[in-house]
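Student: I have a structure I would like to understand better, so I am pasting it below and will then ask my questions one at a time.
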Amino acid sequence: MPSAAFVNRVTELDRLVRDLADAQKVFLISPRRYGKSSLIRHALAALHRRGTLTVEVTVSSFSSYVSFLEGYARALVAAETRQDRARTWLREMIQSTRPEIRYDADSVTSGSLTVAFPAVRSERDVARLAQEVFALPARLAEARRRKVVVALDEFQAIGGFNGGSVEHALRAAVQHQRDVGYVFAGSEPSLMERMITPRRPFYKAGPVMRLEKIPAAEFSAFVHARFARSGIKADAGLGDAIVDVAGNLPYDVQRLAHERGTTSARPAASARPSRISTTPFAGS
């Protein structure tokens, strides 16, 4: 999402960037559709411009502990652009099993790289592998002599892996990583809040950020400004109406504003095609 299409969240963005640059372990808790993932991506982009290596993994996209470890290792290996060096580095770092690393030479997408641990079968195998994979960010920072920031989105999903032992293993690893910042983000507040209570591994692990709704007046003004920038004349009160109907949820405001902008900019059947952008803003 372009920076101009990122509404409000200036304070939250500044704080998140600052904490991650300081290698803090941040818990970011937000209801769904509040713009959590967009906030994370803007923070990672800002850090990347400073020379930080950034890694983003959506935990809920994996169905098992092993597949999560494979995806996590893959994301870290992808930070190394030279394929031969990436293979060598991962095989040196993972001693408990032999990783399989494959590149699709015909693909230019991020999906061209896969990492697998086919020999990992028992719980003991998984526990050993987890220790090595969770140590990778610090080893990457050391090898590249650069700070590393890891974003684990939809982090509450780790509760479905291996009886919750993931929390213990991950906390044991990250608490000693002085050159690696983490943001553990989740969109199920009750589960995330439970993770940071006493007797849980991540209790007092780092600062906690809780996203609130964007003030309705600011959001409405932003919607009107984006319509104007796109060359679309919006009726008075349209921004207020969109924010109200969408329940002041960034995702829904985005969708409704886009639909309204598309309708406003649609040319008549006999008219020449319009050159006006039909997307007043790309997201929140």
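By order in the structure tokens, chains are A, B, ...; within a chain, residues start at 1; ligands start at 1, following the order shown.
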Determine which residues of stretch 97-169 of chain A receive a DSSP assignment of strand (DSSP E or B), computed from the backbone, and state them as a PyMOL selection string.

Tutor: chain A and resi 100-103+113-116+148-153

Student: If we count only C-alpha atoms and set the cut-off at 9 Å, which residues sit around A:Ala141, ignoring sequence neighbours fewer than 5 positions away in its own chain? Please answer as an MDAnalysis selection string.

Tutor: chainID A and resid 53 136 146:148 179:180

Student: Go ahead and dump the residues you just picked, N, CA and C atoms, as a CSV table (one decimal), in the first residue's frame.

Tutor:
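Here's the written file again-v6.csv:
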chain,number,residue,atom,x,y,z
A,53,LEU,N,17.4,-6.1,7.8
A,53,LEU,CA,16.9,-7.3,7.1
A,53,LEU,C,15.5,-7.6,7.8
A,136,LEU,N,17.8,-19.1,14.1
A,136,LEU,CA,18.3,-18.6,12.8
A,136,LEU,C,18.3,-17.0,12.7
A,146,ARG,N,24.1,-7.2,10.2
A,146,ARG,CA,23.0,-6.3,10.1
A,146,ARG,C,21.9,-6.7,11.1
A,147,LYS,N,21.1,-5.7,11.5
A,147,LYS,CA,20.0,-6.0,12.4
A,147,LYS,C,18.9,-6.7,11.6
A,148,VAL,N,18.2,-7.6,12.3
A,148,VAL,CA,17.1,-8.3,11.7
A,148,VAL,C,15.8,-8.0,12.5
A,179,ASP,N,20.2,-8.5,18.7
A,179,ASP,CA,20.2,-7.8,17.4
A,179,ASP,C,19.0,-8.1,16.5
A,180,VAL,N,18.0,-8.7,17.2
A,180,VAL,CA,16.8,-9.1,16.4
A,180,VAL,C,15.5,-8.5,17.1

Student: Would you kindly return, as a ChimeraX atom specification, each protein, DNA or RNA residue with an atom no farther than 8 Å from any atom of stretch 8-22 of chain A, considering only C-alpha atoms and excluding same-chain residues fewer than 5 positions away?

Tutor: /A:39,42-44,46-47,147,149,180-183,214,218-219

Student: Given the selection you just returned, output its residues as a file containing all heavy atoms, formatted as a tab-separated table (two decimals), in the first residue's frame.

Tutor:
chain	number	residue	atom	x	y	z
A	39	LEU	N	-0.07	-1.86	9.02
A	39	LEU	CA	0.85	-1.18	9.93
A	39	LEU	C	2.18	-1.91	9.99
A	39	LEU	O	3.25	-1.29	9.92
A	39	LEU	CB	0.22	-1.10	11.33
A	39	LEU	CG	1.09	-0.51	12.44
A	39	LEU	CD1	1.41	0.95	12.15
A	39	LEU	CD2	0.41	-0.67	13.79
A	42	HIS	N	4.22	-1.36	6.75
A	42	HIS	CA	4.82	-0.04	6.68
A	42	HIS	C	6.03	0.06	7.61
A	42	HIS	O	7.04	0.69	7.27
A	42	HIS	CB	3.78	1.03	7.03
A	42	HIS	CG	2.95	1.45	5.86
A	42	HIS	ND1	1.95	0.67	5.35
A	42	HIS	CD2	3.00	2.57	5.08
A	42	HIS	CE1	1.41	1.28	4.31
A	42	HIS	NE2	2.02	2.43	4.13
A	43	ALA	N	5.92	-0.55	8.78
A	43	ALA	CA	7.06	-0.55	9.70
A	43	ALA	C	8.24	-1.32	9.11
A	43	ALA	O	9.39	-0.85	9.17
A	43	ALA	CB	6.65	-1.17	11.04
A	44	LEU	N	7.97	-2.47	8.52
A	44	LEU	CA	9.05	-3.26	7.90
A	44	LEU	C	9.69	-2.50	6.75
A	44	LEU	O	10.92	-2.54	6.57
A	44	LEU	CB	8.52	-4.61	7.42
A	44	LEU	CG	8.02	-5.58	8.49
A	44	LEU	CD1	7.62	-6.90	7.85
A	44	LEU	CD2	9.06	-5.81	9.57
A	46	ALA	N	9.91	0.75	6.40
A	46	ALA	CA	10.73	1.82	6.97
A	46	ALA	C	12.05	1.29	7.49
A	46	ALA	O	13.11	1.90	7.30
A	46	ALA	CB	9.96	2.52	8.09
A	47	LEU	N	12.02	0.14	8.13
A	47	LEU	CA	13.24	-0.47	8.66
A	47	LEU	C	14.14	-0.98	7.54
A	47	LEU	O	15.37	-0.88	7.63
A	47	LEU	CB	12.87	-1.61	9.61
A	47	LEU	CG	12.23	-1.14	10.93
A	47	LEU	CD1	11.46	-2.28	11.58
A	47	LEU	CD2	13.28	-0.59	11.87
A	147	LYS	N	21.11	-5.70	11.51
A	147	LYS	CA	19.99	-6.02	12.38
A	147	LYS	C	18.90	-6.74	11.59
A	147	LYS	O	18.75	-6.54	10.38
A	147	LYS	CB	19.43	-4.74	13.02
A	147	LYS	CG	20.34	-4.17	14.11
A	147	LYS	CD	19.63	-3.10	14.90
A	147	LYS	CE	20.49	-2.65	16.08
A	147	LYS	NZ	19.80	-1.64	16.92
A	149	VAL	N	14.69	-7.92	11.73
A	149	VAL	CA	13.38	-7.76	12.35
A	149	VAL	C	12.47	-8.84	11.77
A	149	VAL	O	12.39	-9.02	10.55
A	149	VAL	CB	12.79	-6.36	12.09
A	149	VAL	CG1	11.30	-6.34	12.43
A	149	VAL	CG2	13.53	-5.32	12.92
A	180	VAL	N	17.95	-8.68	17.15
A	180	VAL	CA	16.75	-9.08	16.41
A	180	VAL	C	15.51	-8.52	17.10
A	180	VAL	O	15.29	-8.76	18.30
A	180	VAL	CB	16.63	-10.61	16.31
A	180	VAL	CG1	15.42	-10.99	15.43
A	180	VAL	CG2	17.90	-11.23	15.76
A	181	GLY	N	14.73	-7.75	16.37
A	181	GLY	CA	13.45	-7.27	16.87
A	181	GLY	C	12.33	-8.17	16.38
A	181	GLY	O	12.42	-8.74	15.29
A	182	TYR	N	11.31	-8.32	17.19
A	182	TYR	CA	10.17	-9.16	16.84
A	182	TYR	C	8.87	-8.40	17.05
A	182	TYR	O	8.75	-7.63	18.02
A	182	TYR	CB	10.11	-10.42	17.72
A	182	TYR	CG	11.12	-11.49	17.40
A	182	TYR	CD1	12.40	-11.42	17.94
A	182	TYR	CD2	10.81	-12.57	16.59
A	182	TYR	CE1	13.35	-12.40	17.67
A	182	TYR	CE2	11.74	-13.56	16.32
A	182	TYR	CZ	13.01	-13.48	16.86
A	182	TYR	OH	13.94	-14.46	16.59
A	183	VAL	N	7.91	-8.63	16.17
A	183	VAL	CA	6.55	-8.21	16.43
A	183	VAL	C	5.68	-9.45	16.31
A	183	VAL	O	5.64	-10.11	15.27
A	183	VAL	CB	6.06	-7.08	15.49
A	183	VAL	CG1	6.25	-7.43	14.01
A	183	VAL	CG2	4.60	-6.75	15.78
A	214	ILE	N	-9.55	4.16	14.46
A	214	ILE	CA	-9.13	5.50	14.05
A	214	ILE	C	-10.27	6.47	14.36
A	214	ILE	O	-11.44	6.16	14.08
A	214	ILE	CB	-8.80	5.52	12.55
A	214	ILE	CG1	-7.62	4.57	12.26
A	214	ILE	CG2	-8.50	6.93	12.05
A	214	ILE	CD1	-7.40	4.29	10.80
A	218	GLU	N	-11.28	12.02	11.77
A	218	GLU	CA	-10.03	11.99	11.01
A	218	GLU	C	-10.16	11.06	9.81
A	218	GLU	O	-9.65	11.35	8.73
A	218	GLU	CB	-8.88	11.53	11.91
A	218	GLU	CG	-8.53	12.50	13.02
A	218	GLU	CD	-7.35	12.02	13.82
A	218	GLU	OE1	-6.59	11.17	13.33
A	218	GLU	OE2	-7.19	12.49	14.97
A	219	PHE	N	-10.84	9.93	10.02
A	219	PHE	CA	-11.01	8.97	8.93
A	219	PHE	C	-11.87	9.57	7.82
A	219	PHE	O	-11.58	9.43	6.63
A	219	PHE	CB	-11.64	7.69	9.46
A	219	PHE	CG	-11.16	6.45	8.78
A	219	PHE	CD1	-11.39	5.21	9.36
A	219	PHE	CD2	-10.48	6.49	7.57
A	219	PHE	CE1	-10.95	4.04	8.75
A	219	PHE	CE2	-10.04	5.34	6.95
A	219	PHE	CZ	-10.28	4.11	7.55

Student: With only C-alpha atoms as the atoms that count, which of A:Met93, A:Val55, A:Ala75, A:Ser30 lies nearest to A:Ser190?

Tutor: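 The shortest atom-to-atom distance to A:Ser190 comes from A:Ser30.
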
Student: Would you pick out the contacts of A:Val66 at 8 Å or less, using only C-alpha atoms, so that residues sharing its chain but fewer than 4 positions from it are not included, and give the list as a VMD selection string?

Tutor: chain A and resid 70 117 120 126

Student: Just write the chosen residues, C-alpha atoms, as a PDB file, in the first residue's frame.

Tutor:
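To be explicit, this is the file written out as result_1.pdb:
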ATOM      1  CA  GLU A  70       9.704 -24.945   7.142  1.00  0.00           C
ATOM      2  CA  PHE A 117      12.596 -31.163   6.494  1.00  0.00           C
ATOM      3  CA  VAL A 120      11.598 -34.908  10.820  1.00  0.00           C
ATOM      4  CA  VAL A 126      10.571 -31.470  15.940  1.00  0.00           C
TER       5      VAL A 126
END

Student: I want to know what sits within 12 Å of A:Arg121, based on only C-alpha atoms, with residues of the same chain fewer than 2 positions away left out; could you give that as an mmCIF file with C-alpha atoms, in the first residue's frame?

Tutor:
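Saved result, out.cif, follows:
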data_model
loop_
_atom_site.group_PDB
_atom_site.id
_atom_site.type_symbol
_atom_site.label_atom_id
_atom_site.label_comp_id
_atom_site.auth_asym_id
_atom_site.auth_seq_id
_atom_site.Cartn_x
_atom_site.Cartn_y
_atom_site.Cartn_z
ATOM 1 C CA TYR A 65 4.336 -27.198 13.586
ATOM 2 C CA VAL A 66 6.733 -28.683 11.032
ATOM 3 C CA SER A 67 5.199 -26.777 8.130
ATOM 4 C CA SER A 96 19.638 -32.085 13.550
ATOM 5 C CA THR A 97 18.359 -33.007 10.087
ATOM 6 C CA PHE A 117 12.596 -31.163 6.494
ATOM 7 C CA PRO A 118 11.311 -34.554 5.298
ATOM 8 C CA ALA A 119 13.254 -36.620 7.840
ATOM 9 C CA GLU A 123 8.224 -35.049 18.594
ATOM 10 C CA ARG A 124 11.869 -35.202 19.634
ATOM 11 C CA ASP A 125 12.926 -34.444 16.052
ATOM 12 C CA VAL A 126 10.571 -31.470 15.940
ATOM 13 C CA ALA A 127 11.809 -30.096 19.271
ATOM 14 C CA ARG A 128 15.439 -30.229 18.127
ATOM 15 C CA LEU A 129 14.595 -28.647 14.801
#

Student: Would you list the contacts of stretch 25-28 of chain A as a ChimeraX atom specification, taking every protein, DNA or RNA residue within 7 Å and counting only C-alpha atoms, but skipping same-chain residues closer than 6 positions in sequence?

Tutor: /A:181-186,205-210

Student: As a VMD selection string, please: the residues near A:Arg32 (cut-off 8 Å, only C-alpha atoms, same-chain neighbours under 2 positions excluded).

Tutor: chain A and resid 30 34 to 36 187 to 188

Student: I need the helix (DSSP H, G or I) residues of stretch 31-165 of chain A per DSSP on the backbone, written as number ranges by chain.

Tutor: A: 36-49, 59-61, 65-77, 83-93, 110-112, 123-144, 155-160, 162-165

Student: Write a file of the just-selected residues containing C-alpha atoms, as an mmCIF file, in the first residue's frame.

Tutor:
data_model
loop_
_atom_site.group_PDB
_atom_site.id
_atom_site.type_symbol
_atom_site.label_atom_id
_atom_site.label_comp_id
_atom_site.auth_asym_id
_atom_site.auth_seq_id
_atom_site.Cartn_x
_atom_site.Cartn_y
_atom_site.Cartn_z
ATOM 1 C CA LYS A 36 -2.760 -4.386 11.735
ATOM 2 C CA SER A 37 -1.062 -6.058 8.786
ATOM 3 C CA SER A 38 -0.755 -2.775 6.888
ATOM 4 C CA LEU A 39 0.849 -1.177 9.930
ATOM 5 C CA ILE A 40 3.365 -4.015 10.139
ATOM 6 C CA ARG A 41 4.260 -3.787 6.450
ATOM 7 C CA HIS A 42 4.821 -0.035 6.685
ATOM 8 C CA ALA A 43 7.061 -0.552 9.699
ATOM 9 C CA LEU A 44 9.053 -3.258 7.904
ATOM 10 C CA ALA A 45 9.422 -1.043 4.829
ATOM 11 C CA ALA A 46 10.727 1.825 6.966
ATOM 12 C CA LEU A 47 13.236 -0.467 8.660
ATOM 13 C CA HIS A 48 14.300 -1.993 5.354
ATOM 14 C CA ARG A 49 15.155 1.473 4.072
ATOM 15 C CA VAL A 59 1.598 -18.185 11.232
ATOM 16 C CA SER A 60 -2.017 -19.063 10.484
ATOM 17 C CA SER A 61 -1.126 -20.080 6.927
ATOM 18 C CA TYR A 65 4.336 -27.198 13.586
ATOM 19 C CA VAL A 66 6.733 -28.683 11.032
ATOM 20 C CA SER A 67 5.199 -26.777 8.130
ATOM 21 C CA PHE A 68 5.494 -23.586 10.183
ATOM 22 C CA LEU A 69 9.179 -24.304 10.856
ATOM 23 C CA GLU A 70 9.704 -24.945 7.142
ATOM 24 C CA GLY A 71 7.964 -21.686 6.201
ATOM 25 C CA TYR A 72 9.867 -19.732 8.844
ATOM 26 C CA ALA A 73 13.209 -21.138 7.683
ATOM 27 C CA ARG A 74 12.269 -20.400 4.085
ATOM 28 C CA ALA A 75 11.496 -16.748 4.886
ATOM 29 C CA LEU A 76 14.863 -16.360 6.610
ATOM 30 C CA VAL A 77 16.762 -18.067 3.797
ATOM 31 C CA GLN A 83 21.215 -19.045 -3.801
ATOM 32 C CA ASP A 84 24.477 -20.921 -3.308
ATOM 33 C CA ARG A 85 25.301 -19.011 -0.130
ATOM 34 C CA ALA A 86 21.750 -19.463 1.193
ATOM 35 C CA ARG A 87 21.914 -23.243 0.754
ATOM 36 C CA THR A 88 25.288 -23.492 2.430
ATOM 37 C CA TRP A 89 24.266 -21.248 5.305
ATOM 38 C CA LEU A 90 21.066 -23.143 6.141
ATOM 39 C CA ARG A 91 22.761 -26.541 5.965
ATOM 40 C CA GLU A 92 25.447 -25.307 8.309
ATOM 41 C CA MET A 93 22.893 -23.921 10.749
ATOM 42 C CA SER A 110 8.797 -15.498 -3.951
ATOM 43 C CA GLY A 111 7.198 -18.912 -4.205
ATOM 44 C CA SER A 112 10.190 -20.131 -6.233
ATOM 45 C CA GLU A 123 8.224 -35.049 18.594
ATOM 46 C CA ARG A 124 11.869 -35.202 19.634
ATOM 47 C CA ASP A 125 12.926 -34.444 16.052
ATOM 48 C CA VAL A 126 10.571 -31.470 15.940
ATOM 49 C CA ALA A 127 11.809 -30.096 19.271
ATOM 50 C CA ARG A 128 15.439 -30.229 18.127
ATOM 51 C CA LEU A 129 14.595 -28.647 14.801
ATOM 52 C CA ALA A 130 12.587 -25.863 16.471
ATOM 53 C CA GLN A 131 15.570 -24.875 18.620
ATOM 54 C CA GLU A 132 17.733 -24.526 15.510
ATOM 55 C CA VAL A 133 15.142 -22.706 13.412
ATOM 56 C CA PHE A 134 14.298 -20.246 16.181
ATOM 57 C CA ALA A 135 18.010 -19.479 16.528
ATOM 58 C CA LEU A 136 18.300 -18.573 12.827
ATOM 59 C CA PRO A 137 17.387 -14.844 13.056
ATOM 60 C CA ALA A 138 20.272 -14.147 15.458
ATOM 61 C CA ARG A 139 22.657 -16.171 13.333
ATOM 62 C CA LEU A 140 21.480 -14.315 10.233
ATOM 63 C CA ALA A 141 22.134 -10.988 11.971
ATOM 64 C CA GLU A 142 25.607 -12.173 12.911
ATOM 65 C CA ALA A 143 26.421 -13.530 9.464
ATOM 66 C CA ARG A 144 25.212 -10.449 7.607
ATOM 67 C CA PHE A 155 0.654 -15.285 16.027
ATOM 68 C CA GLN A 156 -2.207 -16.704 18.076
ATOM 69 C CA ALA A 157 -2.295 -19.628 15.630
ATOM 70 C CA ILE A 158 0.776 -21.181 17.271
ATOM 71 C CA GLY A 159 -1.593 -22.341 20.018
ATOM 72 C CA GLY A 160 -2.691 -25.081 17.636
ATOM 73 C CA ASN A 162 2.124 -29.234 19.479
ATOM 74 C CA GLY A 163 0.239 -28.473 22.662
ATOM 75 C CA GLY A 164 1.568 -24.969 23.129
ATOM 76 C CA SER A 165 5.232 -25.974 23.480
#

Student: Nearest residue to A:Ala79 out of A:Ala172, A:Leu113, A:Arg50, A:Pro198, using only C-alpha atoms?

Tutor: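 Of A:Ala172, A:Leu113, A:Arg50, A:Pro198, the one nearest A:Ala79 is A:Leu113, counting only C-alpha atoms.
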